[in-house]
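Here is the structure we will look at, set down as structure tokens.
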Amino acid sequence: MKNVEIYTDGACSYNPGPGGWGVVLIYKGIEKRLSGFEDNTTNNRMELLAVIKALEELKEKCNVSLYSDSAYVVNAFLENWIEDWILKDWKTANKKEVKNVDLWKKLYDLTKKHKITWFKVKGHADNKYNNICDSLARGEVEKFENQNKGE
């Protein structure tokens with residue numbers, strides 16, 4: 001199996017508002033950068049979408065080291081929240097529907113295709129690739145905001 005490192009980040013202005021996501025995939029020292037935008041979204045949706053988009057890029061089963069500054073995303077797997085949600089038919093401990101369930105289901109399906117080790121990194125700190133992802137995500141939001149300044 002191929003060993004791939006993935007770094008992800010999401011950003012959002014006004015929350016909800018315009019949002020972006022950024023990804024860096026690294027395989028055998030080669031970097032691939034991806035980013036995207038959504039108009040009316042939240043930071044958590046962008047964090048999830050970044051991981052989804054990254055995993056969708058993998059064409060075969062991989063050993064993945066996945067780095068994110070989102071406790072929301074990482075802890076869902078490290079703390080087994082997602083397994084609990086599934087057992088409770090996508091309900092929280094308070095019996096409320098899990099927020100962003102559409103993305104969580106998609107992400108869960110993607111995680112079953114790979115062997116993923118999750119790493120929580122400190123955001124806006126000294127992690128080079130997390131900072132690149134943050135810049136990609138924020139860049140998507142800035143592009144949108146700059147295009148709409150004249151309206």
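Lettering and numbering for the structure tokens are positional, with chains as A, B, ... in the shown order, residues counted from 1 in each chain, and ligands counted from 1 in the shown order.
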
Inset, instruction - Please return as a PyMOL selection string: the residues of chain A that backbone DSSP assigns to strand (DSSP E or B). - result: chain A and resi 2-12+17-27+30-41+62-68+91+97+115-120

Inset, instruction - Name the residues in contact with Cys133 in chain A at a cut-off of 10 Å, using only C-alpha atoms, excluding same-chain residues fewer than 6 positions from it; report them as a PyMOL selection string. - result: chain A and resi 7-11+20-24+33-35+50+68+139

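Here CA of Pro16 in chain A stands at a distance of 24.0 Å from CA of Trp85 in chain A.
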
Inset, instruction - Compile the contact shell of range 108-116 of chain A as a ChimeraX atom specification: residues with an atom at most 9 Å away, counting only C-alpha atoms, same-chain residues fewer than 3 positions apart removed. - result: /A:52,55-56,60-66,82,103-105

May I have the selected residues written with C-alpha atoms, as a JSON list (two decimals), in the first residue's frame?
[["chain", "number", "residue", "atom", "x", "y", "z"],
["A", 52, "ILE", "CA", -13.39, 14.57, 1.90],
["A", 55, "LEU", "CA", -9.48, 11.37, 0.33],
["A", 56, "GLU", "CA", -11.41, 11.51, -2.95],
["A", 60, "GLU", "CA", -6.37, 3.15, -4.52],
["A", 61, "LYS", "CA", -6.23, 1.95, -0.92],
["A", 62, "CYS", "CA", -3.53, 3.86, 0.97],
["A", 63, "ASN", "CA", -1.92, 4.18, 4.36],
["A", 64, "VAL", "CA", -2.84, 7.75, 5.19],
["A", 65, "SER", "CA", -1.37, 10.03, 7.84],
["A", 66, "LEU", "CA", -4.00, 12.74, 8.08],
["A", 82, "ILE", "CA", -18.63, 8.79, 14.76],
["A", 103, "LEU", "CA", -20.68, 15.29, 5.03],
["A", 104, "TRP", "CA", -20.05, 12.96, 7.97],
["A", 105, "LYS", "CA", -21.65, 10.06, 6.08]]

Inset, instruction - Using only C-alpha atoms, find the one residue out of A:Lys53, A:Lys128, A:Lys149, A:Lys2 that sits nearest to Lys28 in chain A. - result: A:Lys2

Inset, instruction - May I have all residues of range 78-136 of chain A that DSSP, computed from the backbone, assigns to helix (DSSP H, G or I), given as a list in words? - result: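 Selection result, helix (DSSP H, G or I) within range 78-136 of chain A: Leu78, Trp81, Ile82, Glu83, Asp84, Trp85, Ile86, Leu87, Val101, Asp102, Leu103, Trp104, Lys105, Lys106, Leu107, Tyr108, Asp109, Leu110, Thr111, Lys128, Tyr129, Asn130, Asn131, Ile132, Cys133, Asp134, Ser135 and Leu136 of chain A.
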
Those same residues - N, CA and C atoms - I'd like them written as a short mmCIF file (atom, residue, chain, number, x, y, z; two decimals), in the first residue's frame.
data_model
loop_
_atom_site.label_atom_id
_atom_site.label_comp_id
_atom_site.auth_asym_id
_atom_site.auth_seq_id
_atom_site.Cartn_x
_atom_site.Cartn_y
_atom_site.Cartn_z
N LEU A 78 -10.78 9.82 16.63
CA LEU A 78 -9.92 9.42 17.76
C LEU A 78 -10.73 9.09 19.01
N TRP A 81 -16.49 9.22 18.33
CA TRP A 81 -17.80 9.86 18.29
C TRP A 81 -18.61 9.32 17.11
N ILE A 82 -17.92 9.16 15.98
CA ILE A 82 -18.63 8.79 14.76
C ILE A 82 -19.28 7.41 14.90
N GLU A 83 -18.61 6.49 15.56
CA GLU A 83 -19.19 5.16 15.79
C GLU A 83 -20.43 5.26 16.67
N ASP A 84 -20.36 6.11 17.68
CA ASP A 84 -21.52 6.32 18.55
C ASP A 84 -22.68 6.93 17.77
N TRP A 85 -22.38 7.91 16.92
CA TRP A 85 -23.43 8.54 16.13
C TRP A 85 -24.12 7.50 15.23
N ILE A 86 -23.32 6.66 14.62
CA ILE A 86 -23.88 5.63 13.73
C ILE A 86 -24.78 4.69 14.52
N LEU A 87 -24.30 4.23 15.69
CA LEU A 87 -25.10 3.34 16.53
C LEU A 87 -26.42 3.99 16.96
N VAL A 101 -24.51 16.05 8.88
CA VAL A 101 -24.60 14.59 8.72
C VAL A 101 -24.32 14.15 7.28
N ASP A 102 -24.69 14.98 6.30
CA ASP A 102 -24.42 14.62 4.90
C ASP A 102 -22.92 14.45 4.66
N LEU A 103 -22.13 15.37 5.21
CA LEU A 103 -20.68 15.29 5.03
C LEU A 103 -20.06 14.19 5.89
N TRP A 104 -20.57 14.02 7.10
CA TRP A 104 -20.05 12.96 7.97
C TRP A 104 -20.24 11.59 7.33
N LYS A 105 -21.40 11.36 6.73
CA LYS A 105 -21.65 10.06 6.08
C LYS A 105 -20.69 9.84 4.92
N LYS A 106 -20.50 10.88 4.13
CA LYS A 106 -19.58 10.79 2.99
C LYS A 106 -18.15 10.52 3.48
N LEU A 107 -17.73 11.25 4.51
CA LEU A 107 -16.39 11.07 5.05
C LEU A 107 -16.23 9.67 5.64
N TYR A 108 -17.21 9.21 6.37
CA TYR A 108 -17.13 7.89 6.98
C TYR A 108 -16.93 6.82 5.90
N ASP A 109 -17.69 6.91 4.82
CA ASP A 109 -17.54 5.95 3.72
C ASP A 109 -16.13 5.99 3.14
N LEU A 110 -15.60 7.18 2.97
CA LEU A 110 -14.24 7.32 2.42
C LEU A 110 -13.18 6.74 3.37
N THR A 111 -13.39 6.88 4.67
CA THR A 111 -12.40 6.38 5.63
C THR A 111 -12.32 4.86 5.61
N LYS A 128 4.26 23.76 8.90
CA LYS A 128 4.38 24.30 7.55
C LYS A 128 3.17 23.96 6.68
N TYR A 129 2.82 22.70 6.64
CA TYR A 129 1.75 22.29 5.73
C TYR A 129 0.37 22.72 6.20
N ASN A 130 0.16 22.77 7.51
CA ASN A 130 -1.11 23.30 8.00
C ASN A 130 -1.24 24.77 7.62
N ASN A 131 -0.14 25.49 7.70
CA ASN A 131 -0.16 26.91 7.32
C ASN A 131 -0.43 27.08 5.83
N ILE A 132 0.12 26.19 5.01
CA ILE A 132 -0.16 26.24 3.57
C ILE A 132 -1.65 25.99 3.32
N CYS A 133 -2.20 24.98 3.98
CA CYS A 133 -3.63 24.68 3.82
C CYS A 133 -4.49 25.86 4.26
N ASP A 134 -4.12 26.48 5.37
CA ASP A 134 -4.84 27.65 5.85
C ASP A 134 -4.80 28.76 4.81
N SER A 135 -3.64 28.98 4.24
CA SER A 135 -3.48 30.01 3.21
C SER A 135 -4.32 29.70 1.97
N LEU A 136 -4.36 28.44 1.56
CA LEU A 136 -5.18 28.04 0.42
C LEU A 136 -6.66 28.29 0.69
#

Extract, using only C-alpha atoms, all DNA, RNA and protein residues at most 12 Å from Pro18 in chain A, discarding same-chain residues fewer than 2 positions from it, and format them as a PDB file with N, CA and C atoms, in the first residue's frame.
ATOM      1  N   GLY A  10      -9.873  24.248   6.821  1.00  0.00           N
ATOM      2  CA  GLY A  10     -11.043  24.963   6.324  1.00  0.00           C
ATOM      3  C   GLY A  10     -11.088  26.344   6.936  1.00  0.00           C
ATOM      4  N   ALA A  11     -11.746  27.257   6.235  1.00  0.00           N
ATOM      5  CA  ALA A  11     -11.868  28.637   6.722  1.00  0.00           C
ATOM      6  C   ALA A  11     -13.237  29.169   6.327  1.00  0.00           C
ATOM      7  N   CYS A  12     -13.724  30.110   7.116  1.00  0.00           N
ATOM      8  CA  CYS A  12     -15.027  30.696   6.822  1.00  0.00           C
ATOM      9  C   CYS A  12     -15.076  32.108   7.377  1.00  0.00           C
ATOM     10  N   SER A  13     -15.627  33.018   6.579  1.00  0.00           N
ATOM     11  CA  SER A  13     -15.852  34.382   7.060  1.00  0.00           C
ATOM     12  C   SER A  13     -17.283  34.479   7.552  1.00  0.00           C
ATOM     13  N   TYR A  14     -17.447  35.046   8.702  1.00  0.00           N
ATOM     14  CA  TYR A  14     -18.751  35.334   9.308  1.00  0.00           C
ATOM     15  C   TYR A  14     -19.446  34.105   9.876  1.00  0.00           C
ATOM     16  N   ASN A  15     -19.188  32.938   9.434  1.00  0.00           N
ATOM     17  CA  ASN A  15     -19.638  31.666  10.016  1.00  0.00           C
ATOM     18  C   ASN A  15     -21.093  31.668  10.487  1.00  0.00           C
ATOM     19  N   PRO A  16     -22.088  31.526   9.651  1.00  0.00           N
ATOM     20  CA  PRO A  16     -21.971  31.122   8.249  1.00  0.00           C
ATOM     21  C   PRO A  16     -21.658  32.302   7.319  1.00  0.00           C
ATOM     22  N   GLY A  20     -13.786  28.483   2.479  1.00  0.00           N
ATOM     23  CA  GLY A  20     -12.838  27.808   1.608  1.00  0.00           C
ATOM     24  C   GLY A  20     -12.191  26.648   2.327  1.00  0.00           C
ATOM     25  N   TRP A  21     -11.623  25.765   1.543  1.00  0.00           N
ATOM     26  CA  TRP A  21     -10.884  24.628   2.097  1.00  0.00           C
ATOM     27  C   TRP A  21      -9.566  24.480   1.333  1.00  0.00           C
ATOM     28  N   GLY A  36     -10.830  24.864  -2.642  1.00  0.00           N
ATOM     29  CA  GLY A  36     -12.151  25.109  -3.199  1.00  0.00           C
ATOM     30  C   GLY A  36     -12.932  26.072  -2.336  1.00  0.00           C
ATOM     31  N   PHE A  37     -14.120  26.414  -2.808  1.00  0.00           N
ATOM     32  CA  PHE A  37     -14.919  27.477  -2.207  1.00  0.00           C
ATOM     33  C   PHE A  37     -16.383  27.064  -2.141  1.00  0.00           C
ATOM     34  N   GLU A  38     -17.080  27.531  -1.112  1.00  0.00           N
ATOM     35  CA  GLU A  38     -18.540  27.460  -1.030  1.00  0.00           C
ATOM     36  C   GLU A  38     -19.026  28.791  -0.493  1.00  0.00           C
ATOM     37  N   ASP A  39     -20.155  29.236  -1.026  1.00  0.00           N
ATOM     38  CA  ASP A  39     -20.646  30.575  -0.717  1.00  0.00           C
ATOM     39  C   ASP A  39     -21.233  30.696   0.684  1.00  0.00           C
ATOM     40  N   ASN A  40     -22.210  29.908   1.010  1.00  0.00           N
ATOM     41  CA  ASN A  40     -22.911  30.053   2.287  1.00  0.00           C
ATOM     42  C   ASN A  40     -22.692  28.787   3.100  1.00  0.00           C
ATOM     43  N   THR A  41     -21.688  28.820   3.977  1.00  0.00           N
ATOM     44  CA  THR A  41     -21.280  27.605   4.663  1.00  0.00           C
ATOM     45  C   THR A  41     -20.771  27.950   6.059  1.00  0.00           C
ATOM     46  N   THR A  42     -20.203  26.955   6.723  1.00  0.00           N
ATOM     47  CA  THR A  42     -19.623  27.162   8.059  1.00  0.00           C
ATOM     48  C   THR A  42     -18.192  26.637   8.080  1.00  0.00           C
ATOM     49  N   ASN A  43     -17.463  27.032   9.097  1.00  0.00           N
ATOM     50  CA  ASN A  43     -16.091  26.573   9.260  1.00  0.00           C
ATOM     51  C   ASN A  43     -16.038  25.044   9.379  1.00  0.00           C
ATOM     52  N   ARG A  45     -18.092  22.804   8.222  1.00  0.00           N
ATOM     53  CA  ARG A  45     -18.354  22.170   6.925  1.00  0.00           C
ATOM     54  C   ARG A  45     -17.105  22.232   6.044  1.00  0.00           C
ATOM     55  N   MET A  46     -16.386  23.333   6.105  1.00  0.00           N
ATOM     56  CA  MET A  46     -15.176  23.459   5.298  1.00  0.00           C
ATOM     57  C   MET A  46     -14.072  22.522   5.802  1.00  0.00           C
ATOM     58  N   ALA A 137      -7.110  27.877   1.875  1.00  0.00           N
ATOM     59  CA  ALA A 137      -8.522  28.037   2.246  1.00  0.00           C
ATOM     60  C   ALA A 137      -8.901  29.516   2.326  1.00  0.00           C
ATOM     61  N   ARG A 138      -8.081  30.303   3.000  1.00  0.00           N
ATOM     62  CA  ARG A 138      -8.361  31.738   3.121  1.00  0.00           C
ATOM     63  C   ARG A 138      -8.269  32.437   1.775  1.00  0.00           C
ATOM     64  N   GLY A 139      -7.373  31.957   0.937  1.00  0.00           N
ATOM     65  CA  GLY A 139      -7.242  32.518  -0.403  1.00  0.00           C
ATOM     66  C   GLY A 139      -8.518  32.360  -1.213  1.00  0.00           C
ATOM     67  N   GLU A 140      -9.195  31.238  -1.053  1.00  0.00           N
ATOM     68  CA  GLU A 140     -10.465  31.012  -1.748  1.00  0.00           C
ATOM     69  C   GLU A 140     -11.519  32.015  -1.281  1.00  0.00           C
ATOM     70  N   VAL A 141     -11.571  32.265   0.014  1.00  0.00           N
ATOM     71  CA  VAL A 141     -12.534  33.233   0.561  1.00  0.00           C
ATOM     72  C   VAL A 141     -12.201  34.639   0.072  1.00  0.00           C
ATOM     73  N   GLU A 142     -10.913  34.986   0.095  1.00  0.00           N
ATOM     74  CA  GLU A 142     -10.490  36.324  -0.346  1.00  0.00           C
ATOM     75  C   GLU A 142     -10.811  36.554  -1.824  1.00  0.00           C
ATOM     76  N   LYS A 143     -10.598  35.526  -2.657  1.00  0.00           N
ATOM     77  CA  LYS A 143     -10.941  35.639  -4.083  1.00  0.00           C
ATOM     78  C   LYS A 143     -12.415  35.998  -4.245  1.00  0.00           C
ATOM     79  N   PHE A 144     -13.264  35.282  -3.513  1.00  0.00           N
ATOM     80  CA  PHE A 144     -14.706  35.522  -3.582  1.00  0.00           C
ATOM     81  C   PHE A 144     -15.040  36.938  -3.107  1.00  0.00           C
ATOM     82  N   GLU A 145     -14.468  37.326  -1.976  1.00  0.00           N
ATOM     83  CA  GLU A 145     -14.761  38.648  -1.418  1.00  0.00           C
ATOM     84  C   GLU A 145     -14.275  39.758  -2.344  1.00  0.00           C
ATOM     85  N   ASN A 146     -13.113  39.574  -2.955  1.00  0.00           N
ATOM     86  CA  ASN A 146     -12.589  40.576  -3.880  1.00  0.00           C
ATOM     87  C   ASN A 146     -13.444  40.693  -5.145  1.00  0.00           C
ATOM     88  N   ASN A 148     -16.578  40.267  -5.273  1.00  0.00           N
ATOM     89  CA  ASN A 148     -17.890  40.810  -4.938  1.00  0.00           C
ATOM     90  C   ASN A 148     -17.834  42.194  -4.296  1.00  0.00           C
TER      91      ASN A 148
END

Inset, instruction - Counting only C-alpha atoms, figure out which residue out of A:Glu31, A:Phe119, A:Leu49, A:Met1 gets nearest to Gly19 in chain A. - result: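 Checking each candidate against Gly19 in chain A, we get A:Leu49 as the closest.
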
Inset, instruction - Name the residues in contact with range 120-127 of chain A at a cut-off of 7 Å, using only C-alpha atoms, excluding same-chain residues fewer than 5 positions from it; report them as number ranges by chain. - result: A: 67-71, 74

Legend entry - Gap from CA of Lys95 in chain A to CA of Ala76 in chain A - Å, one decimal: 16.7 Å
